[in-house]
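What follows is the content of input-v6.txt (compact mmCIF, C-alpha atoms).
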```txt
# COMPACT_ATOMS: atom_id res chain seq x y z
CA GLY A 1 304.80 135.30 112.14
CA GLY A 2 305.41 132.83 109.36
CA GLU A 3 308.45 132.17 107.23
CA VAL A 4 311.37 134.58 107.58
CA TYR A 5 313.90 135.50 104.91
CA LEU A 6 317.18 135.74 106.82
CA ASP A 7 319.20 132.68 107.80
CA GLU A 8 321.48 134.51 110.24
CA ILE A 9 321.91 137.88 111.90
CA HIS A 10 325.38 139.01 112.98
CA TYR A 11 326.09 141.89 115.34
CA LEU A 12 329.30 143.92 115.44
CA ASP A 13 329.83 146.04 118.56
CA LYS A 14 331.48 149.39 117.82
CA GLY A 15 331.07 150.56 121.40
CA GLU A 16 330.32 154.25 121.96
CA ASP A 17 332.07 155.36 118.76
CA ALA A 18 329.18 156.52 116.56
CA ALA A 19 331.50 157.52 113.71
CA ALA A 20 333.10 154.07 113.66
CA ALA A 21 329.68 152.47 113.25
CA VAL A 22 328.83 154.62 110.24
CA ALA A 23 332.31 154.09 108.80
CA ALA A 24 331.69 150.34 109.01
CA LEU A 25 328.44 150.83 107.10
CA ILE A 26 330.14 152.94 104.43
CA SER A 27 332.90 150.36 103.94
CA ASN A 28 330.37 147.48 103.72
CA GLN A 29 331.60 145.82 106.92
CA VAL A 30 327.98 145.94 108.13
CA ASP A 31 324.61 146.22 106.41
CA GLY A 32 323.03 148.62 108.88
CA VAL A 33 323.38 150.80 111.96
CA PHE A 34 320.31 150.36 114.17
CA ARG A 35 320.83 153.65 116.05
CA LEU A 36 322.19 156.55 114.02
CA ASP A 37 323.56 159.34 116.18
CA LEU A 38 322.79 162.95 115.27
CA THR A 39 326.52 163.64 115.12
CA THR A 40 326.88 161.19 112.21
CA LEU A 41 323.66 162.00 110.33
CA ASP A 42 325.40 164.20 107.74
CA MET A 43 328.12 161.59 107.30
CA ALA A 44 325.50 158.96 106.44
CA ASN A 45 323.42 161.25 104.22
CA GLN A 46 326.38 162.17 102.03
CA VAL A 47 327.13 158.61 100.92
CA PRO A 48 325.23 157.16 97.93
CA GLY A 49 323.69 153.77 98.65
CA ILE A 50 322.93 154.47 102.32
CA VAL A 51 319.28 154.88 103.31
CA VAL A 52 318.48 156.83 106.47
CA SER A 53 315.06 156.26 108.04
CA GLU A 54 313.32 158.15 110.83
CA ALA A 55 310.68 157.13 113.35
CA ALA A 56 308.53 159.56 115.32
CA THR A 57 308.58 158.58 118.98
CA ALA A 58 307.59 159.51 122.51
CA GLN A 59 311.24 159.42 123.56
CA THR A 60 312.02 162.64 125.35
CA GLY A 61 314.37 164.52 127.61
CA CYS A 62 312.72 165.94 130.73
CA ILE A 63 314.61 168.82 132.33
CA ARG A 64 312.89 168.32 135.64
CA PHE A 65 312.83 169.77 139.11
CA LYS A 66 312.72 167.96 142.43
CA VAL A 67 309.65 169.80 143.66
CA ASP A 68 310.22 169.25 147.37
CA GLU A 69 313.76 170.65 147.50
CA PRO A 70 314.80 174.32 147.44
CA PRO A 71 314.67 176.42 145.40
CA PHE A 72 312.25 174.29 143.36
CA ASP A 73 309.88 173.68 146.26
CA ASP A 74 308.58 177.16 145.40
CA ILE A 75 306.25 176.80 142.40
CA ARG A 76 307.03 180.38 141.38
CA VAL A 77 310.65 179.43 140.73
CA ARG A 78 309.61 176.43 138.63
CA GLN A 79 307.09 178.50 136.71
CA ALA A 80 309.73 181.14 136.01
CA VAL A 81 312.12 178.61 134.46
CA VAL A 82 309.31 177.10 132.36
CA LEU A 83 308.26 180.56 131.16
CA CYS A 84 311.80 181.23 129.96
CA SER A 85 311.98 178.14 127.77
CA ASP A 86 311.60 178.41 124.00
CA ASN A 87 310.68 174.79 123.27
CA ALA A 88 310.58 175.30 119.50
CA GLN A 89 314.09 176.75 119.48
CA ASN A 90 315.27 173.90 121.70
CA LEU A 91 314.00 171.30 119.22
CA GLN A 92 315.64 173.04 116.28
CA VAL A 93 319.00 173.69 117.92
CA SER A 94 319.55 170.61 120.06
CA HIS A 95 317.84 167.97 117.90
CA ARG A 96 317.97 169.54 114.44
CA GLY A 97 314.19 169.82 114.31
CA LEU A 98 313.83 166.04 114.22
CA GLY A 99 310.86 165.46 116.49
CA THR A 100 307.69 167.13 117.74
CA LEU A 101 307.17 169.91 120.26
CA GLY A 102 306.56 169.07 123.89
CA GLU A 103 304.08 170.92 126.07
CA ASN A 104 305.70 170.27 129.45
CA HIS A 105 303.37 167.42 130.40
CA HIS A 106 305.09 164.32 128.93
CA VAL A 107 302.24 163.27 126.61
CA ALA A 108 303.13 163.15 122.91
CA GLU A 109 301.08 163.83 119.80
CA ILE A 110 301.53 160.21 118.74
CA HIS A 111 299.95 158.91 121.94
CA PRO A 112 296.36 157.86 121.14
CA GLU A 113 294.97 159.72 124.18
CA TYR A 114 296.89 162.97 123.62
CA PHE A 115 294.79 166.08 124.21
CA PRO A 116 296.19 169.15 122.40
CA MET A 117 296.96 171.96 124.79
CA PRO A 118 297.36 175.65 123.86
CA PRO A 119 300.99 176.63 123.37
CA ALA A 120 302.68 178.19 126.37
CA PRO A 121 304.19 181.51 125.22
CA ARG A 122 307.64 182.51 126.43
CA ASP A 123 307.31 185.39 128.90
CA ILE A 124 310.54 186.76 130.36
CA GLU A 125 308.88 189.68 132.15
CA LYS A 126 306.45 187.39 133.94
CA ALA A 127 309.36 185.09 134.85
CA LYS A 128 311.23 188.05 136.37
CA ALA A 129 308.16 189.06 138.35
CA LEU A 130 307.72 185.54 139.74
CA LEU A 131 311.38 185.37 140.78
CA ALA A 132 311.12 188.76 142.50
CA GLU A 133 307.97 187.66 144.29
CA ALA A 134 309.76 184.50 145.46
CA GLY A 135 312.84 186.44 146.57
CA GLN A 136 314.97 184.57 144.04
CA GLU A 137 316.28 187.33 141.78
CA GLY A 138 319.69 186.41 140.39
CA LEU A 139 318.98 182.70 140.89
CA THR A 140 321.86 180.29 140.19
CA VAL A 141 321.24 176.54 139.89
CA ASP A 142 323.21 173.47 138.78
CA CYS A 143 321.76 171.04 136.24
CA ALA A 144 323.08 167.46 136.05
CA VAL A 145 323.58 166.00 132.57
CA GLY A 146 324.68 162.47 131.70
CA ASN A 147 324.23 162.44 127.91
CA THR A 148 322.80 158.96 128.38
CA GLN A 149 321.22 158.99 124.91
CA GLY A 150 323.58 161.42 123.20
CA LYS A 151 325.03 164.92 123.35
CA TRP A 152 321.64 166.36 122.44
CA GLU A 153 320.80 166.20 126.17
CA GLN A 154 323.63 168.61 126.99
CA ASP A 155 322.68 170.80 124.02
CA SER A 156 319.06 170.92 125.22
CA VAL A 157 320.10 172.18 128.65
CA ALA A 158 322.46 174.66 126.97
CA VAL A 159 319.52 176.14 125.03
CA LEU A 160 317.50 176.41 128.24
CA LYS A 161 320.49 178.07 129.91
CA GLN A 162 320.52 180.73 127.18
CA ASN A 163 316.75 181.11 127.36
CA CYS A 164 316.92 181.77 131.11
CA GLU A 165 319.71 184.36 131.08
CA PRO A 166 317.48 187.34 130.19
CA ALA A 167 315.43 186.63 133.34
CA GLY A 168 318.56 186.67 135.49
CA ILE A 169 318.65 182.89 135.99
CA THR A 170 322.07 181.23 135.71
CA ILE A 171 322.18 177.50 134.98
CA ASN A 172 325.53 175.78 135.52
CA ILE A 173 325.67 172.59 133.44
CA ASN A 174 327.28 169.68 135.28
CA VAL A 175 328.20 167.11 132.60
CA MET A 176 329.14 163.66 133.88
CA PRO A 177 329.60 160.13 132.47
CA SER A 178 326.27 158.43 131.78
CA ALA A 179 326.96 155.66 134.32
CA GLN A 180 327.54 158.30 136.99
CA TYR A 181 324.33 160.10 136.05
CA TRP A 182 322.27 156.94 136.45
CA GLU A 183 323.57 156.75 140.02
CA ILE A 184 322.03 160.14 140.87
CA TRP A 185 319.24 160.63 138.31
CA ASP A 186 316.51 160.32 140.95
CA LYS A 187 318.45 162.26 143.58
CA THR A 188 319.67 165.44 141.87
CA PRO A 189 317.45 168.50 142.47
CA PHE A 190 317.72 169.53 138.80
CA GLY A 191 318.68 167.35 135.86
CA ILE A 192 317.75 166.08 132.41
CA THR A 193 316.58 162.48 132.18
CA SER A 194 315.87 160.63 128.95
CA TRP A 195 312.62 158.71 129.06
CA THR A 196 312.03 156.05 126.45
CA HIS A 197 309.03 155.63 124.16
CA ARG A 198 305.88 154.10 125.59
CA PRO A 199 302.79 153.42 123.48
CA LEU A 200 300.43 155.17 125.90
CA GLY A 201 300.86 158.52 127.58
CA THR A 202 299.18 157.17 130.71
CA MET A 203 301.97 154.60 131.03
CA ALA A 204 304.69 157.26 131.17
CA LEU A 205 302.72 159.43 133.60
CA ALA A 206 301.99 156.52 135.93
CA LEU A 207 305.67 155.61 136.07
CA ALA A 208 307.05 159.12 136.53
CA TYR A 209 304.56 161.40 138.29
CA ARG A 210 302.09 159.36 140.36
CA SER A 211 302.62 159.90 144.08
CA GLY A 212 305.16 157.55 145.63
CA VAL A 213 306.05 155.45 142.56
CA GLN A 214 309.63 154.23 142.33
CA TRP A 215 310.63 156.24 139.26
CA ASN A 216 309.11 159.52 140.43
CA GLU A 217 312.36 161.48 140.15
CA THR A 218 310.63 164.81 140.85
CA ASN A 219 309.01 163.66 144.11
CA TYR A 220 305.82 165.16 142.67
CA ALA A 221 302.76 164.24 144.76
CA ASN A 222 299.42 165.77 143.88
CA PRO A 223 296.23 163.88 144.82
CA GLU A 224 294.27 165.83 142.19
CA PHE A 225 296.66 164.62 139.48
CA ASP A 226 296.58 161.05 140.78
CA ALA A 227 292.78 161.03 140.70
CA ALA A 228 292.58 162.52 137.19
CA LEU A 229 295.12 160.01 135.89
CA ALA A 230 293.18 157.13 137.45
CA VAL A 231 290.03 158.29 135.64
CA ALA A 232 291.85 158.37 132.29
CA GLU A 233 293.47 154.97 132.86
CA ALA A 234 290.08 153.37 133.52
CA LEU A 235 288.59 154.42 130.17
CA LEU A 236 288.92 151.91 127.33
CA ASP A 237 287.27 154.18 124.77
CA VAL A 238 290.05 156.28 123.22
CA GLU A 239 287.89 159.34 122.62
CA ALA A 240 286.67 159.34 126.20
CA ARG A 241 290.20 158.82 127.51
CA THR A 242 291.46 161.69 125.34
CA ALA A 243 288.84 164.02 126.80
CA ALA A 244 289.82 162.93 130.32
CA MET A 245 293.48 163.62 129.58
CA GLU A 246 292.80 167.34 129.31
CA ASP A 247 292.64 167.56 133.10
CA VAL A 248 295.70 165.32 133.53
CA GLU A 249 297.88 167.36 131.19
CA ARG A 250 296.62 170.71 132.51
CA ILE A 251 297.39 169.83 136.14
CA LEU A 252 300.91 168.69 135.31
CA GLN A 253 301.50 171.78 133.16
CA ASN A 254 300.22 174.18 135.80
CA ASP A 255 302.38 172.61 138.51
CA ALA A 256 305.49 173.33 136.41
CA VAL A 257 307.16 170.02 137.19
CA MET A 258 309.49 170.10 134.18
CA VAL A 259 310.68 171.79 131.04
CA GLN A 260 309.99 169.15 128.40
CA PRO A 261 310.90 170.81 125.10
CA PHE A 262 310.33 168.04 122.58
CA PHE A 263 309.76 164.41 121.72
CA ARG A 264 312.60 163.26 119.55
CA SER A 265 312.72 161.18 116.41
CA VAL A 266 315.15 158.26 116.24
CA LEU A 267 317.18 157.31 113.19
CA SER A 268 318.60 154.18 111.60
CA ALA A 269 320.72 153.70 108.49
CA VAL A 270 321.04 150.68 106.20
CA ASN A 271 322.67 149.77 102.92
CA GLU A 272 320.22 150.15 100.03
CA LYS A 273 320.38 146.41 99.43
CA VAL A 274 318.60 145.86 102.78
CA GLN A 275 314.89 145.58 102.04
CA GLY A 276 311.92 145.78 104.39
CA TYR A 277 313.72 147.38 107.36
CA GLN A 278 311.75 149.96 109.34
CA THR A 279 313.03 152.03 112.25
CA HIS A 280 311.07 151.25 115.41
CA PRO A 281 310.27 154.02 117.96
CA THR A 282 312.14 152.07 120.64
CA LEU A 283 314.77 150.84 118.15
CA TYR A 284 313.58 147.24 118.53
CA HIS A 285 315.29 144.88 116.11
CA GLN A 286 312.46 143.45 114.05
CA PHE A 287 313.92 141.48 111.14
CA ASN A 288 311.02 139.17 110.34
CA ASN A 289 310.26 141.01 107.08
CA VAL A 290 313.83 141.96 106.16
CA TRP A 291 315.84 140.48 103.31
CA ILE A 292 319.05 141.26 101.44
CA GLN A 293 318.73 142.08 97.77
CA SER A 294 321.51 140.42 95.81
```
Would you put the structure from the file into structure tokens?
Amino acid sequence: GGEVYLDEIHYLDKGEDAAAAVAALISNQVDGVFRLDLTTLDMANQVPGIVVSEAATAQTGCIRFKVDEPPFDDIRVRQAVVLCSDNAQNLQVSHRGLGTLGENHHVAEIHPEYFPMPPAPRDIEKAKALLAEAGQEGLTVDCAVGNTQGKWEQDSVAVLKQNCEPAGITININVMPSAQYWEIWDKTPFGITSWTHRPLGTMALALAYRSGVQWNETNYANPEFDAALAVAEALLDVEARTAAMEDVERILQNDAVMVQPFFRSVLSAVNEKVQGYQTHPTLYHQFNNVWIQS
């Protein structure tokens, strides 16, 4: 990419202590924090000379069901939980409104082939009726949480828990260390998994929901979905691919595979003397256009 401005880049590892990282930035021990945690956002914003930057991303937390295990092998149960969710409230409460709304199909507005779907209204009465029809009134389920990308994961499930209570659904939140969660993420019947940003929506769908793929944590297998996704993947023209994605997103939505409340923004913070730094959606460290103003 041509000549670069920096002679050296030094990294200091502050471990899992987000506050210690920001404290190091405030005290000029470091010039930047590449991943700013939500819990330290106010701390960074209150200090003159620190610049916080935000990147819109397709990073997301999917509160997903294993669709071939009870009680989630009954689509009426899955639909009931989805109908209870207030995705807008979830974004505001668990991620401070920093992100964009999800539509329960894992394709983000920033994906070039995103097809806008009509909002799914919250409907507690319909959720109750579906549970009664399925013989699951007073349903109690456990949701596994590893906070692998921050406490917002736990907060997101907590909002869903509150959303579900009026329908008679009880969600017990099972919080565990992130390393332990990654041991069971594709085995637990109900859990929240953080999926990272990918530049195309078709990439995320092919990895997570195509029949039989290794990372299909829901065990979702729908030949109609697979065929619709294959059609979209084969189209190089973005407008044509976007039109084809309507079927892909609709099928996944209708099958109620997940509650996917939002796509989250990511944050970085640097000293104001750091010039040219931009937060990347995947938090890549791209310093080729960065320099230090003396």
key: Near-segment 215-221 of chain A list (9 Å; only C-alpha atoms; drop same-chain fewer than 6 positions) as a list in words   = Arg64, Phe65, Lys66, Val67, Asp68, Trp185, Asp186, Lys187, Thr188, Pro189, Phe190, Ala206, Leu207, Ala208, Tyr209, Val257 and Met258 of chain A
ask   = Between A:Thr100, A:Thr140, A:Ser53, A:Thr196, which has the minimum distance to Ile171 of chain A (counting all atoms listed in the file)?
value = A:Thr140
Give me, as a tab-separated table, the closest atom pair and its distance (Å, one decimal) for every residue of segment 151-212 of chain A within a cut-off of 10 Å of segment 237-252 of chain A, counting all atoms listed in the file, rows sorted by chain and rising number.
```
residue	atom	partner	partner_atom	distance
A:Gly201	CA	A:Met245	CA	9.2
A:Thr202	CA	A:Met245	CA	8.7
A:Leu205	CA	A:Val248	CA	9.2
A:Tyr209	CA	A:Leu252	CA	8.7
```
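Rounded to one decimal, atom CA of Leu236 of chain A and atom CA of Ala120 of chain A lie 29.7 Å from each other.
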request  = Identify, on the basis of all atoms listed in the file, every residue whose closest approach to segment 31-48 of chain A does not exceed 8 Å; exclude the query and any residue fewer than 2 positions from it along the same chain; express the result as JSON, numbers by chain.
outcome  = {"A": [18, 19, 21, 22, 25, 26, 28, 29, 50, 51, 52, 95, 150, 266, 267, 268, 269, 270, 271, 274, 279, 283, 285]}
task = Find the residue from A:Val30, A:Ile110, A:His197, A:Ile173 that sits nearest to Glu153 of chain A; use only C-alpha atoms when measuring.
result = A:Ile173
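Between Gln89 of chain A and the candidates A:Ala158, A:Val77, A:Ala24, A:Val107, the tightest atom-to-atom separation, counting only C-alpha atoms, involves A:Ala158.
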message = I'd like the contact shell of Gln92 of chain A - 12 Å cut-off, all atoms listed in the file, skipping same-chain residues fewer than 3 positions apart - returned as a VMD selection string.
response = chain A and resid 86 to 89 95 to 101 152 155 to 156 159 261 to 264
query = With all atoms listed in the file as the atoms that count, which of A:Gln214, A:Tyr277, A:Trp195, A:Thr170 lies nearest to Val290 of chain A?
reply = A:Tyr277
task = Write out as an MDAnalysis selection string which residues come within 7 Å of Ile292 of chain A when counting all atoms listed in the file, dropping same-chain ones fewer than 2 positions away.
result = chainID A and resid 273:275 294
Please produce an output containing C-alpha atoms for each residue in the selection, written as a PDB file, in the frame of the given file.
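Okay, this is what ended up in selection.pdb:
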```pdb
ATOM      1  CA  LYS A 273     320.380 146.410  99.430  1.00  0.00           C
ATOM      2  CA  VAL A 274     318.600 145.860 102.780  1.00  0.00           C
ATOM      3  CA  GLN A 275     314.890 145.580 102.040  1.00  0.00           C
ATOM      4  CA  SER A 294     321.510 140.420  95.810  1.00  0.00           C
TER       5      SER A 294
END
```
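When all atoms listed in the file are used to compute distances to Val4 of chain A, the closest of the residues A:Ala228, A:Tyr284, A:Asn90, A:Gly276 turns out to be A:Gly276.
Taking all atoms listed in the file into account, Trp291 of chain A lies nearest to A:Gln278 out of the set A:Ser265, A:Gln79, A:Gln278, A:Asn174.
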query = Can you list, as a list in words, every protein, DNA or RNA residue that comes within 10 Å of Thr148 of chain A when you count all atoms listed in the file, leaving out same-chain residues fewer than 5 positions away?
reply = Glu153, Gln154, Met176, Pro177, Ser178, Ala179, Gln180, Tyr181, Trp182, Ile192, Thr193 and Ser194 of chain A
Go ahead and write the residues just picked, C-alpha atoms, as an mmCIF file, in the coordinates of the input.
```cif
data_model
loop_
_atom_site.group_PDB
_atom_site.id
_atom_site.type_symbol
_atom_site.label_atom_id
_atom_site.label_comp_id
_atom_site.auth_asym_id
_atom_site.auth_seq_id
_atom_site.Cartn_x
_atom_site.Cartn_y
_atom_site.Cartn_z
ATOM 1 C CA GLU A 153 320.800 166.200 126.170
ATOM 2 C CA GLN A 154 323.630 168.610 126.990
ATOM 3 C CA MET A 176 329.140 163.660 133.880
ATOM 4 C CA PRO A 177 329.600 160.130 132.470
ATOM 5 C CA SER A 178 326.270 158.430 131.780
ATOM 6 C CA ALA A 179 326.960 155.660 134.320
ATOM 7 C CA GLN A 180 327.540 158.300 136.990
ATOM 8 C CA TYR A 181 324.330 160.100 136.050
ATOM 9 C CA TRP A 182 322.270 156.940 136.450
ATOM 10 C CA ILE A 192 317.750 166.080 132.410
ATOM 11 C CA THR A 193 316.580 162.480 132.180
ATOM 12 C CA SER A 194 315.870 160.630 128.950
#
```
Box for segment 140-145 of chain A: with edges along x, y and z, all listed atoms inside and 5 Å added on each side, what are the centre and edge lengths in Å to one decimal, as lines of an AutoDock Vina configuration file?
```
center_x = 322.4
center_y = 173.1
center_z = 136.4
size_x = 12.3
size_y = 24.3
size_z = 17.6
```
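The two atoms in question, atom CA of Thr60 of chain A and atom CA of Asn147 of chain A, are spaced 12.5 Å apart.
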task = Could you give me, as a PyMOL selection string, the residues that have an atom at most 12 Å away from the point (321.7, 182.9, 130.3) in the coordinates of the file, using only C-alpha atoms?
result = chain A and resi 81+84-85+124+138-141+157-173
message = Please report the interatomic distance between atom CA of Asp255 of chain A and atom CA of Ala127 of chain A in Å with one decimal.
response = 14.8 Å
Please supply segment 250-267 of chain A, rebuilt with N, CA, C and O atoms, as an mmCIF file, in the coordinates of the input.
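Contents of the output file result-v8.cif:
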```
data_model
loop_
_atom_site.group_PDB
_atom_site.id
_atom_site.type_symbol
_atom_site.label_atom_id
_atom_site.label_comp_id
_atom_site.auth_asym_id
_atom_site.auth_seq_id
_atom_site.Cartn_x
_atom_site.Cartn_y
_atom_site.Cartn_z
ATOM 1 N N ARG A 250 296.714 169.344 131.976
ATOM 2 C CA ARG A 250 296.620 170.710 132.510
ATOM 3 C C ARG A 250 297.205 170.789 133.920
ATOM 4 O O ARG A 250 297.961 171.720 134.236
ATOM 5 N N ILE A 251 296.876 169.819 134.759
ATOM 6 C CA ILE A 251 297.390 169.830 136.140
ATOM 7 C C ILE A 251 298.904 169.753 136.144
ATOM 8 O O ILE A 251 299.583 170.506 136.855
ATOM 9 N N LEU A 252 299.457 168.860 135.344
ATOM 10 C CA LEU A 252 300.910 168.690 135.310
ATOM 11 C C LEU A 252 301.586 169.939 134.752
ATOM 12 O O LEU A 252 302.623 170.382 135.267
ATOM 13 N N GLN A 253 300.988 170.525 133.713
ATOM 14 C CA GLN A 253 301.500 171.780 133.160
ATOM 15 C C GLN A 253 301.494 172.885 134.199
ATOM 16 O O GLN A 253 302.501 173.574 134.402
ATOM 17 N N ASN A 254 300.368 173.065 134.849
ATOM 18 C CA ASN A 254 300.220 174.180 135.800
ATOM 19 C C ASN A 254 301.154 174.038 136.992
ATOM 20 O O ASN A 254 301.574 175.052 137.577
ATOM 21 N N ASP A 255 301.485 172.814 137.372
ATOM 22 C CA ASP A 255 302.380 172.610 138.510
ATOM 23 C C ASP A 255 303.847 172.771 138.152
ATOM 24 O O ASP A 255 304.716 172.684 139.039
ATOM 25 N N ALA A 256 304.131 172.997 136.852
ATOM 26 C CA ALA A 256 305.490 173.330 136.410
ATOM 27 C C ALA A 256 306.529 172.343 136.949
ATOM 28 O O ALA A 256 307.510 172.723 137.581
ATOM 29 N N VAL A 257 306.284 171.077 136.685
ATOM 30 C CA VAL A 257 307.160 170.020 137.190
ATOM 31 C C VAL A 257 308.424 169.890 136.352
ATOM 32 O O VAL A 257 309.457 169.426 136.835
ATOM 33 N N MET A 258 308.359 170.308 135.094
ATOM 34 C CA MET A 258 309.490 170.100 134.180
ATOM 35 C C MET A 258 309.436 171.072 133.019
ATOM 36 O O MET A 258 308.381 171.630 132.693
ATOM 37 N N VAL A 259 310.601 171.255 132.395
ATOM 38 C CA VAL A 259 310.680 171.790 131.040
ATOM 39 C C VAL A 259 310.883 170.579 130.140
ATOM 40 O O VAL A 259 311.878 169.876 130.262
ATOM 41 N N GLN A 260 309.924 170.327 129.276
ATOM 42 C CA GLN A 260 309.990 169.150 128.400
ATOM 43 C C GLN A 260 309.836 169.655 126.967
ATOM 44 O O GLN A 260 308.747 169.699 126.408
ATOM 45 N N PRO A 261 310.962 170.060 126.354
ATOM 46 C CA PRO A 261 310.900 170.810 125.100
ATOM 47 C C PRO A 261 310.359 170.039 123.904
ATOM 48 O O PRO A 261 309.661 170.601 123.072
ATOM 49 N N PHE A 262 310.715 168.755 123.799
ATOM 50 C CA PHE A 262 310.330 168.040 122.580
ATOM 51 C C PHE A 262 310.346 166.535 122.788
ATOM 52 O O PHE A 262 310.949 166.017 123.735
ATOM 53 N N PHE A 263 309.650 165.862 121.877
ATOM 54 C CA PHE A 263 309.760 164.410 121.720
ATOM 55 C C PHE A 263 310.617 164.184 120.488
ATOM 56 O O PHE A 263 310.353 164.754 119.429
ATOM 57 N N ARG A 264 311.617 163.347 120.617
ATOM 58 C CA ARG A 264 312.600 163.260 119.550
ATOM 59 C C ARG A 264 312.355 162.074 118.619
ATOM 60 O O ARG A 264 311.835 161.029 119.027
ATOM 61 N N SER A 265 312.707 162.286 117.362
ATOM 62 C CA SER A 265 312.720 161.180 116.410
ATOM 63 C C SER A 265 313.995 160.382 116.602
ATOM 64 O O SER A 265 315.016 160.901 117.079
ATOM 65 N N VAL A 266 313.954 159.092 116.239
ATOM 66 C CA VAL A 266 315.150 158.260 116.240
ATOM 67 C C VAL A 266 315.441 157.838 114.808
ATOM 68 O O VAL A 266 314.540 157.775 113.953
ATOM 69 N N LEU A 267 316.705 157.548 114.547
ATOM 70 C CA LEU A 267 317.180 157.310 113.190
ATOM 71 C C LEU A 267 317.931 155.994 113.086
ATOM 72 O O LEU A 267 318.629 155.597 114.027
#
```
